[in-house]
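Next comes final.cif, a file with mmCIF, C-alpha atoms and all ligand atoms.
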```
data_upload
loop_
_atom_site.label_atom_id
_atom_site.label_comp_id
_atom_site.auth_asym_id
_atom_site.auth_seq_id
_atom_site.Cartn_x
_atom_site.Cartn_y
_atom_site.Cartn_z
CA MET M 12 -62.15 -41.73 8.18
CA GLU M 13 -61.81 -38.42 6.39
CA GLN M 14 -63.01 -38.08 2.85
CA LYS M 15 -60.53 -37.50 0.03
CA PHE M 16 -61.36 -35.65 -3.12
CA ILE M 17 -59.75 -36.96 -6.29
CA PHE M 18 -58.66 -34.59 -9.04
CA ASN M 19 -57.75 -36.14 -12.37
CA ILE M 20 -55.06 -34.20 -14.17
CA LYS M 21 -53.98 -34.79 -17.72
CA TYR M 22 -50.34 -33.99 -18.33
CA ARG M 23 -48.25 -34.93 -21.36
CA GLY M 24 -50.54 -37.77 -22.37
CA LYS M 25 -50.82 -39.31 -18.88
CA ILE M 26 -53.49 -39.00 -16.19
CA TYR M 27 -52.38 -38.16 -12.66
CA ASN M 28 -54.66 -38.54 -9.62
CA LEU M 29 -54.34 -35.93 -6.93
CA ALA M 30 -56.08 -36.86 -3.69
CA SER M 31 -56.89 -33.85 -1.53
CA ASP M 32 -58.76 -33.10 1.71
CA LYS M 33 -60.13 -30.00 0.01
CA ASN M 34 -62.95 -30.05 -2.53
CA LYS M 35 -61.56 -26.97 -4.26
CA LEU M 36 -58.05 -26.45 -5.52
CA SER M 37 -56.31 -23.66 -7.38
CA PRO M 38 -54.19 -24.09 -10.51
CA LYS M 39 -51.25 -23.18 -8.25
CA ASP M 40 -51.89 -26.33 -6.15
CA ILE M 41 -52.01 -28.41 -9.30
CA LEU M 42 -48.75 -27.03 -10.72
CA LYS M 43 -47.14 -27.60 -7.34
CA PHE M 44 -48.34 -31.22 -7.30
CA LEU M 45 -46.66 -31.80 -10.68
CA GLY M 46 -43.56 -29.87 -9.63
CA LEU M 47 -43.96 -27.28 -12.38
CA SER M 48 -43.31 -23.56 -12.35
CA GLU M 49 -45.94 -21.05 -13.40
CA GLU M 50 -43.19 -19.34 -15.34
CA TYR M 51 -43.39 -22.16 -17.90
CA ALA M 52 -46.66 -24.03 -17.30
CA PHE M 53 -50.35 -23.24 -17.44
CA VAL M 54 -53.62 -24.93 -16.58
CA VAL M 55 -56.57 -25.63 -18.88
CA LYS M 56 -59.93 -26.12 -17.17
CA ASN M 57 -62.73 -27.59 -19.28
CA GLY M 58 -60.92 -26.54 -22.42
CA GLU M 59 -60.22 -22.95 -21.34
CA ILE M 60 -56.94 -21.50 -20.10
CA VAL M 61 -57.37 -20.19 -16.55
CA LEU M 62 -55.43 -17.85 -14.33
CA LEU M 63 -53.95 -19.06 -11.08
CA ASN M 64 -56.69 -17.61 -8.86
CA THR M 65 -59.46 -19.74 -10.43
CA SER M 66 -61.03 -22.50 -8.36
CA ILE M 67 -61.07 -26.07 -9.57
CA SER M 68 -63.45 -28.87 -8.53
CA PRO M 69 -62.93 -32.63 -8.81
CA GLU M 70 -65.48 -32.83 -11.63
CA ASP M 71 -63.58 -30.33 -13.80
CA GLU M 72 -61.59 -31.61 -16.72
CA ILE M 73 -58.03 -30.48 -16.06
CA GLU M 74 -55.08 -30.44 -18.37
CA VAL M 75 -51.66 -28.99 -17.65
CA ILE M 76 -49.40 -27.70 -20.39
CA ASN M 77 -45.72 -27.32 -19.69
CA ALA M 78 -44.13 -25.06 -22.26
CA VAL M 79 -40.53 -25.86 -21.47
CA SER M 80 -38.58 -27.79 -24.07
CA GLY M 81 -34.96 -28.60 -24.59
CA GLY M 82 -32.91 -27.79 -27.60
CA MET P 27 -58.38 -10.51 -12.87
CA ASN P 28 -59.76 -8.57 -15.81
CA CYS P 29 -58.31 -7.86 -19.25
CA LYS P 30 -56.56 -4.50 -19.28
CA ILE P 31 -57.36 -3.69 -22.89
CA CYS P 32 -61.04 -4.52 -22.49
CA LYS P 33 -61.07 -2.31 -19.41
CA THR P 34 -59.97 0.73 -21.42
CA LYS P 35 -63.08 0.17 -23.54
CA GLY P 36 -65.26 -0.05 -20.47
CA ILE P 37 -65.74 -3.82 -20.79
CA LYS P 38 -65.22 -6.30 -17.93
CA LYS P 39 -63.75 -9.52 -19.25
CA ASN P 40 -61.80 -12.28 -17.49
CA ALA P 41 -58.12 -12.39 -18.33
CA ILE P 42 -56.70 -15.78 -19.30
CA VAL P 43 -53.08 -14.74 -19.15
CA ASN P 44 -50.95 -12.62 -16.96
CA LEU P 45 -47.75 -11.10 -18.35
CA PRO P 46 -45.94 -9.64 -15.32
CA SER P 47 -42.95 -8.44 -17.35
CA TYR P 48 -45.28 -6.18 -19.35
CA ASN P 49 -47.60 -5.48 -16.43
CA LEU P 50 -50.46 -6.85 -18.56
CA SER P 51 -53.42 -9.18 -18.07
CA LEU P 52 -55.23 -10.12 -21.25
CA CYS P 53 -58.32 -11.96 -22.44
CA LYS P 54 -58.03 -14.57 -25.17
CA GLU P 55 -58.79 -12.18 -28.01
CA HIS P 56 -56.39 -9.48 -26.81
CA PHE P 57 -53.61 -11.94 -26.08
CA ILE P 58 -53.78 -13.22 -29.66
CA GLU P 59 -53.74 -9.65 -30.96
CA TRP P 60 -50.81 -8.74 -28.68
CA PHE P 61 -48.85 -11.84 -29.67
CA GLU P 62 -49.22 -11.37 -33.42
CA ARG P 63 -48.29 -7.70 -33.17
CA ARG P 64 -45.22 -8.61 -31.17
CA VAL P 65 -44.03 -11.11 -33.81
CA GLN P 66 -44.76 -8.61 -36.56
CA ASN P 67 -42.80 -5.89 -34.75
CA THR P 68 -39.84 -8.21 -34.21
CA ILE P 69 -39.76 -9.00 -37.93
CA LYS P 70 -39.84 -5.27 -38.73
CA ASP P 71 -37.39 -4.15 -36.02
CA PHE P 72 -34.70 -6.54 -37.19
CA GLN P 73 -35.67 -6.19 -40.86
CA MET P 74 -35.90 -9.96 -41.06
CA PHE P 75 -37.91 -10.27 -44.28
CA THR P 76 -40.77 -8.79 -46.27
CA LYS P 77 -43.79 -10.19 -48.06
CA GLU P 78 -41.66 -10.56 -51.20
CA ASP P 79 -39.22 -13.01 -49.59
CA ARG P 80 -39.55 -16.77 -49.91
CA ILE P 81 -39.33 -18.20 -46.42
CA LEU P 82 -38.72 -21.76 -45.30
CA VAL P 83 -39.68 -22.55 -41.69
CA ALA P 84 -37.77 -25.29 -39.91
CA VAL P 85 -40.59 -27.32 -38.35
CA SER P 86 -39.81 -29.92 -35.72
CA GLY P 87 -43.40 -30.65 -34.73
CA GLY P 88 -43.11 -28.75 -31.44
CA LYS P 89 -45.18 -25.79 -30.32
CA ASP P 90 -42.73 -23.08 -31.42
CA SER P 91 -42.10 -24.10 -34.99
CA LEU P 92 -45.70 -25.04 -35.80
CA GLY P 93 -46.99 -21.83 -34.20
CA LEU P 94 -44.40 -19.81 -36.10
CA TRP P 95 -45.31 -21.42 -39.42
CA PHE P 96 -48.95 -20.63 -38.73
CA VAL P 97 -48.48 -17.02 -37.63
CA LEU P 98 -46.17 -16.12 -40.52
CA ASN P 99 -48.81 -17.21 -43.01
CA LYS P 100 -51.52 -15.48 -41.00
CA LEU P 101 -49.50 -12.25 -41.14
CA GLY P 102 -49.37 -12.61 -44.91
CA TYR P 103 -45.84 -13.92 -45.42
CA ASN P 104 -44.93 -16.54 -47.97
CA ALA P 105 -43.72 -19.41 -45.77
CA ASP P 106 -43.31 -23.11 -46.54
CA GLY P 107 -41.91 -25.78 -44.21
CA ILE P 108 -39.00 -28.18 -43.89
CA HIS P 109 -38.90 -31.10 -41.50
CA ILE P 110 -35.95 -33.33 -40.74
CA ASP P 111 -37.03 -36.81 -39.72
CA LEU P 112 -34.31 -37.72 -37.23
CA GLY P 113 -35.33 -41.35 -36.88
CA ILE P 114 -35.45 -41.31 -33.09
CA ASN P 115 -38.05 -44.06 -32.62
CA ASP P 116 -41.57 -43.16 -31.75
CA TYR P 117 -40.66 -39.55 -30.98
CA SER P 118 -39.65 -38.78 -34.58
CA LYS P 119 -42.55 -40.75 -36.01
CA LYS P 120 -45.07 -38.75 -34.01
CA SER P 121 -43.33 -35.44 -34.71
CA ARG P 122 -43.43 -36.09 -38.44
CA GLU P 123 -47.13 -36.98 -38.29
CA TYR P 124 -47.97 -33.70 -36.55
CA VAL P 125 -46.00 -31.73 -39.14
CA GLU P 126 -47.49 -33.53 -42.14
CA GLU P 127 -51.00 -33.17 -40.81
CA PHE P 128 -50.47 -29.46 -40.17
CA ALA P 129 -48.97 -28.79 -43.61
CA LYS P 130 -52.12 -30.24 -45.17
CA LYS P 131 -54.30 -28.14 -42.93
CA ILE P 132 -52.65 -24.84 -43.86
CA GLU P 133 -52.07 -25.97 -47.46
CA ARG P 134 -48.39 -25.11 -47.60
CA LYS P 135 -45.58 -27.02 -49.20
CA LEU P 136 -43.52 -29.25 -46.89
CA TYR P 137 -40.08 -30.68 -47.59
CA ILE P 138 -39.06 -33.75 -45.64
CA VAL P 139 -35.50 -34.93 -45.18
CA ASP P 140 -35.43 -38.50 -43.95
CA LEU P 141 -32.12 -39.02 -42.16
CA SER P 142 -32.34 -42.82 -42.20
CA THR P 143 -32.23 -42.75 -46.02
CA GLU P 144 -29.86 -39.73 -46.32
CA ILE P 145 -27.21 -40.89 -43.82
CA ALA P 146 -28.51 -42.91 -40.89
CA SER P 147 -30.97 -42.21 -38.10
CA ILE P 148 -29.73 -40.27 -35.07
CA SER P 149 -30.31 -43.41 -32.97
CA ILE P 150 -27.81 -45.29 -35.16
CA LEU P 151 -25.36 -42.36 -35.37
CA LYS P 152 -25.41 -42.15 -31.60
CA GLU P 153 -24.30 -45.80 -31.38
CA LYS P 154 -21.71 -45.62 -34.14
CA ILE P 155 -20.14 -42.28 -33.22
CA PRO P 156 -20.07 -42.49 -29.43
CA ASN P 157 -17.39 -39.84 -28.92
CA LYS P 158 -19.70 -37.04 -30.14
CA PRO P 159 -22.81 -36.01 -28.16
CA PRO P 160 -25.96 -36.86 -30.19
CA CYS P 161 -27.31 -33.27 -29.83
CA SER P 162 -24.17 -31.95 -31.48
CA ILE P 163 -24.38 -34.44 -34.39
CA CYS P 164 -28.06 -33.62 -34.76
CA GLY P 165 -27.36 -29.86 -34.83
CA ILE P 166 -24.66 -30.20 -37.50
CA ILE P 167 -26.87 -32.33 -39.74
CA LYS P 168 -29.96 -30.14 -39.33
CA ARG P 169 -28.09 -26.94 -40.20
CA TYR P 170 -26.51 -28.63 -43.23
CA TYR P 171 -29.74 -29.88 -44.79
CA MET P 172 -31.76 -26.79 -43.96
CA ASN P 173 -29.28 -24.53 -45.70
CA LYS P 174 -28.85 -26.92 -48.60
CA ILE P 175 -32.57 -27.46 -49.27
CA SER P 176 -33.36 -23.74 -48.89
CA LYS P 177 -30.87 -22.89 -51.62
CA LYS P 178 -31.86 -25.79 -53.85
CA GLU P 179 -35.57 -24.98 -53.71
CA GLY P 180 -35.11 -21.23 -54.13
CA TYR P 181 -35.84 -19.88 -50.64
CA ASN P 182 -33.77 -16.93 -49.46
CA THR P 183 -34.73 -17.02 -45.77
CA LEU P 184 -34.72 -19.80 -43.21
CA ALA P 185 -36.85 -19.14 -40.12
CA THR P 186 -36.51 -21.11 -36.89
CA GLY P 187 -38.77 -21.17 -33.85
CA HIS P 188 -36.11 -20.27 -31.26
CA ASN P 189 -37.89 -18.38 -28.49
CA LEU P 190 -36.65 -15.94 -25.85
CA ASP P 191 -36.03 -18.74 -23.34
CA ASP P 192 -34.00 -20.71 -25.88
CA GLU P 193 -31.98 -17.63 -26.75
CA ILE P 194 -31.21 -16.57 -23.20
CA SER P 195 -30.32 -20.07 -22.02
CA VAL P 196 -27.74 -20.26 -24.82
CA LEU P 197 -26.65 -16.69 -24.08
CA PHE P 198 -26.27 -17.54 -20.40
CA GLY P 199 -24.10 -20.57 -21.21
CA ASN P 200 -21.97 -18.60 -23.64
CA ILE P 201 -21.46 -15.80 -21.14
CA LEU P 202 -20.57 -18.18 -18.31
CA ASN P 203 -17.82 -19.46 -20.60
CA TRP P 204 -17.12 -16.11 -22.25
CA ASN P 205 -17.41 -17.83 -25.56
CA LEU P 206 -16.93 -14.75 -27.72
CA ASP P 207 -17.00 -16.66 -30.97
CA TYR P 208 -20.50 -18.03 -30.33
CA LEU P 209 -21.67 -14.73 -28.84
CA SER P 210 -20.65 -12.92 -32.01
CA LYS P 211 -23.06 -15.12 -33.98
CA GLN P 212 -25.99 -14.93 -31.60
CA TYR P 213 -28.24 -12.43 -33.34
CA PRO P 214 -31.91 -12.72 -34.42
CA ILE P 215 -30.90 -12.27 -38.05
CA LEU P 216 -27.81 -13.60 -39.79
CA LYS P 217 -27.50 -12.16 -43.27
CA GLU P 218 -27.14 -14.35 -46.34
CA TYR P 219 -23.58 -14.83 -47.52
CA GLU P 220 -23.07 -14.90 -51.26
CA ASN P 221 -24.79 -18.03 -52.53
CA ILE P 222 -23.34 -20.09 -49.72
CA PHE P 223 -25.60 -19.38 -46.75
CA VAL P 224 -29.23 -18.30 -46.82
CA ARG P 225 -30.45 -15.66 -44.40
CA LYS P 226 -31.37 -17.07 -40.98
CA VAL P 227 -34.00 -15.44 -38.77
CA LYS P 228 -35.63 -16.00 -35.39
CA PRO P 229 -38.99 -14.16 -35.33
CA TYR P 230 -39.84 -15.61 -31.88
CA CYS P 231 -36.72 -14.25 -30.20
CA ARG P 232 -38.78 -11.89 -28.02
CA ILE P 233 -41.58 -14.39 -27.32
CA THR P 234 -41.25 -16.51 -24.20
CA GLU P 235 -41.70 -20.23 -24.23
CA LYS P 236 -44.96 -19.89 -22.33
CA GLU P 237 -46.36 -17.19 -24.61
CA SER P 238 -45.54 -19.41 -27.56
CA ALA P 239 -47.27 -22.43 -25.99
CA LEU P 240 -50.32 -20.33 -25.10
CA TYR P 241 -50.63 -19.08 -28.68
CA THR P 242 -50.22 -22.51 -30.26
CA PHE P 243 -52.77 -23.92 -27.83
CA LEU P 244 -55.27 -21.11 -28.51
CA MET P 245 -54.94 -21.63 -32.25
CA GLY P 246 -55.91 -25.29 -31.75
CA ILE P 247 -52.66 -26.56 -33.24
CA LYS P 248 -51.71 -30.09 -32.21
CA TYR P 249 -48.02 -30.52 -31.50
CA ILE P 250 -45.61 -32.94 -29.87
CA GLU P 251 -45.34 -32.17 -26.15
CA GLN P 252 -42.82 -34.89 -25.44
CA GLU P 253 -39.16 -33.98 -25.14
CA CYS P 254 -36.60 -35.45 -27.47
CA PRO P 255 -35.64 -38.63 -25.54
CA LEU P 256 -31.95 -37.95 -26.22
CA SER P 257 -31.97 -34.35 -24.91
CA THR P 258 -33.23 -35.02 -21.39
CA GLY P 259 -30.95 -33.54 -18.79
CA ALA P 260 -29.52 -31.13 -21.34
CA THR P 261 -27.70 -28.17 -19.85
CA SER P 262 -30.00 -25.74 -21.62
CA LEU P 263 -32.96 -27.11 -19.64
CA LYS P 264 -31.14 -26.49 -16.38
CA TYR P 265 -30.29 -22.94 -17.43
CA LYS P 266 -33.94 -22.34 -18.29
CA LYS P 267 -34.93 -23.42 -14.81
CA ILE P 268 -32.40 -21.07 -13.21
CA LEU P 269 -33.42 -18.14 -15.41
CA GLY P 270 -37.10 -18.90 -14.71
CA ASP P 271 -36.43 -18.70 -10.96
CA ILE P 272 -34.77 -15.30 -11.40
CA GLU P 273 -37.65 -14.09 -13.58
CA GLU P 274 -40.21 -15.07 -10.95
CA GLN P 275 -38.46 -12.88 -8.42
CA PHE P 276 -37.62 -10.06 -10.82
CA PRO P 277 -40.16 -9.93 -13.66
CA GLY P 278 -38.72 -8.54 -16.86
CA THR P 279 -35.20 -9.84 -16.29
CA LYS P 280 -35.24 -12.33 -19.17
CA LEU P 281 -36.26 -9.78 -21.74
CA ARG P 282 -33.84 -7.19 -20.38
CA PHE P 283 -30.97 -9.69 -20.42
CA PHE P 284 -31.60 -10.40 -24.09
CA ASN P 285 -32.38 -6.88 -25.29
CA ASN P 286 -29.41 -5.34 -23.55
CA PHE P 287 -27.09 -8.01 -24.89
CA LEU P 288 -28.18 -7.10 -28.41
CA ARG P 289 -28.05 -3.36 -27.75
CA LYS P 290 -24.93 -3.01 -25.60
CA PHE P 291 -22.70 -6.03 -25.99
CA TYR P 292 -23.28 -7.50 -29.44
CA PRO P 293 -22.10 -4.34 -31.27
CA LEU P 294 -18.72 -4.77 -29.61
CA LEU P 295 -18.41 -8.21 -31.17
CA ALA P 296 -20.22 -7.82 -34.46
CA ASN P 297 -17.20 -6.87 -36.53
CA LYS P 298 -15.52 -10.08 -35.44
CA ILE P 299 -17.53 -12.25 -37.80
CA THR P 300 -15.24 -13.39 -40.53
CA GLU P 301 -15.72 -15.95 -43.21
CA GLU P 302 -12.02 -16.16 -43.90
CA ASN P 303 -11.80 -19.87 -43.22
CA LEU P 304 -14.79 -20.62 -45.35
CA GLN P 305 -14.33 -22.93 -48.29
CA ARG P 306 -16.39 -25.48 -50.13
CA CYS P 307 -16.43 -29.17 -49.20
CA LYS P 308 -14.45 -31.20 -51.70
CA ILE P 309 -17.11 -33.90 -51.78
CA CYS P 310 -20.49 -32.13 -51.64
CA ASN P 311 -19.55 -28.52 -52.43
CA GLU P 312 -21.41 -27.21 -49.38
CA PRO P 313 -19.76 -24.58 -47.15
CA SER P 314 -17.18 -25.88 -44.69
CA SER P 315 -14.28 -24.61 -42.62
CA LEU P 316 -12.27 -27.71 -43.52
CA GLU P 317 -11.58 -29.46 -46.81
CA ILE P 318 -14.30 -32.00 -46.07
CA CYS P 319 -17.47 -30.84 -44.32
CA ALA P 320 -18.76 -32.28 -41.05
CA VAL P 321 -21.60 -34.15 -42.72
CA CYS P 322 -19.41 -35.82 -45.35
CA ASN P 323 -17.05 -36.63 -42.54
CA ILE P 324 -19.82 -38.43 -40.66
CA LYS P 325 -20.77 -40.31 -43.84
CA MET P 326 -17.14 -41.39 -44.32
CA LYS P 327 -16.86 -42.56 -40.73
CA LEU P 328 -19.97 -44.69 -41.16
CA ALA P 329 -18.67 -46.22 -44.38
CA LYS P 330 -15.47 -47.30 -42.66
CA LEU P 331 -17.26 -48.97 -39.76
ZN ZN M 401 -59.64 -8.10 -23.69
ZN ZN M 402 -19.55 -32.23 -47.71
#
```
For the structure just supplied, provide its representation as structure tokens.
Ligand SMILES: [Zn+2]
Ligand SMILES: [Zn+2]
Amino acid sequence: MEQKFIFNIKYRGKIYNLASDKNKLSPKDILKFLGLSEEYAFVVKNGEIVLLNTSISPEDEIEVINAVSGG
Amino acid sequence: MNCKICKTKGIKKNAIVNLPSYNLSLCKEHFIEWFERRVQNTIKDFQMFTKEDRILVAVSGGKDSLGLWFVLNKLGYNADGIHIDLGINDYSKKSREYVEEFAKKIERKLYIVDLSTEIASISILKEKIPNKPPCSICGIIKRYYMNKISKKEGYNTLATGHNLDDEISVLFGNILNWNLDYLSKQYPILKEYENIFVRKVKPYCRITEKESALYTFLMGIKYIEQECPLSTGATSLKYKKILGDIEEQFPGTKLRFFNNFLRKFYPLLANKITEENLQRCKICNEPSSLEICAVCNIKMKLAKL
């Protein structure tokens, strides 16, 4: 059986688990998983904002911020 | 990708943000500098206010209004806050907590209007006045109290955190419907009118939603990320999505849409603003286009129920 890598993503107060075959993901993959657009959302890795070409490992602490709000 | 400003100084530093519409990549320090300069320039370009003005910031507890309150004080302006507690369950409770906590942190005065004691919470109004959308009731009430408290407490300017995405989604809707009346009032500064209306300004009108969130995050400000539970599925959110898709394909479109509206189209409408129907509400003496203002009308409806 193939191994899955689990990425824990914090988004709007909830934790989402992304299971991937790859041990490295990009912020782009993570935004895609949550169905968010990079036009409005960004990724924070271990407390620092990162650009989309950064690589993310399962042990990284990941938070996604979606800037879009109604009103 | 490296910071472009650092590069001009011969330094190699990782960028944390990419701004395709400006063809810029910036490190944390240079993004903050860029952002604050942009807000400052907007205030100057539209002659919104000076350091002598007394400003009241409408703070909801979201990223835009808290960030705006912070940056105005950082830039040396004299800005206090006003928060309307809408009484929408947990959402309003949390929002109010964020605002109160932040006011203490920056040591500025905060006025709170509690709707459940003033009239009734939005949750109750929504039940009792079902023929009016809650967002419209909420808008009427917010504008009423913000103007009223500003005057009462001696502030001449009311600042709101409307950002570029908010502005263009409204603009888009108004253009789709060719709503000339609304378009003629969509400007980043609306001048005071006698002692009836205070001046209204939108210093974030050229800041995108994402830039605003980045700044608030970088400043370590805690804010409510949750949407208003009553606004989900709002048309403005759908327009934002559409405009975001266009922007991704054609960077710079959002800013151009807004700037050119102000430069080319607004002047054609500007002289249409008239206050001819304006009178004072018979009950509360606040401005109204009818004998009895919308808020007193809501109060009367509730009393009859
Ligand atoms: Zn830099
Ligand atoms: Zn009235």
Practice problem: Write out as a PyMOL selection string each polymer residue (protein, DNA or RNA) that has an atom no more than 9 Å from ligand ZN 401 (chain M), with all atoms listed in the file counted. | Solution: chain P and resi 28-33+35+37-41+51-57
To check your reading of the model: which residues sit at most 7 Å from ligand ZN 402 (chain M) when counting all atoms listed in the file? Write the answer as a PDB file with C-alpha atoms, in the frame of the given file.
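Output saved as pocket32.pdb:
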```
ATOM      1  CA  CYS P 307     -16.430 -29.170 -49.200  1.00  0.00           C
ATOM      2  CA  LYS P 308     -14.450 -31.200 -51.700  1.00  0.00           C
ATOM      3  CA  ILE P 309     -17.110 -33.900 -51.780  1.00  0.00           C
ATOM      4  CA  CYS P 310     -20.490 -32.130 -51.640  1.00  0.00           C
ATOM      5  CA  ASN P 311     -19.550 -28.520 -52.430  1.00  0.00           C
ATOM      6  CA  GLU P 312     -21.410 -27.210 -49.380  1.00  0.00           C
ATOM      7  CA  ILE P 318     -14.300 -32.000 -46.070  1.00  0.00           C
ATOM      8  CA  CYS P 319     -17.470 -30.840 -44.320  1.00  0.00           C
ATOM      9  CA  ALA P 320     -18.760 -32.280 -41.050  1.00  0.00           C
ATOM     10  CA  VAL P 321     -21.600 -34.150 -42.720  1.00  0.00           C
ATOM     11  CA  CYS P 322     -19.410 -35.820 -45.350  1.00  0.00           C
TER      12      CYS P 322
END
```
Quiz item: Using all atoms listed in the file, which of M:Leu62, M:Ile26, M:Ile67, M:Ile41 sits nearest chain P?
Solution: M:Leu62
Exercise. Return as a ChimeraX atom specification the residues belonging to chain P that are within 10 Å of chain M, counting all atoms listed in the file.
Key: /P:27,40-45,51,53-54,88-90,161,165,188,191-192,195-196,234-240,243-244,250-254,256-264,266-267,269-271,273-274
Quiz item: Counting only C-alpha atoms, which of M:Leu47, M:Phe16, M:Asp40, M:Val75 gets nearest to Asn28 in chain M?
Solution: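 Distance minimum relative to Asn28 in chain M lands on M:Phe16.
Of the residues under consideration (M:Pro69, M:Gln14, M:Tyr27, M:Lys56), M:Tyr27 shows the shortest atom-to-atom contact distance to Phe44 in chain M when counting all atoms listed in the file.
The coordinates place CA of Leu288 in chain P at 13.5 Å from CA of Tyr208 in chain P.
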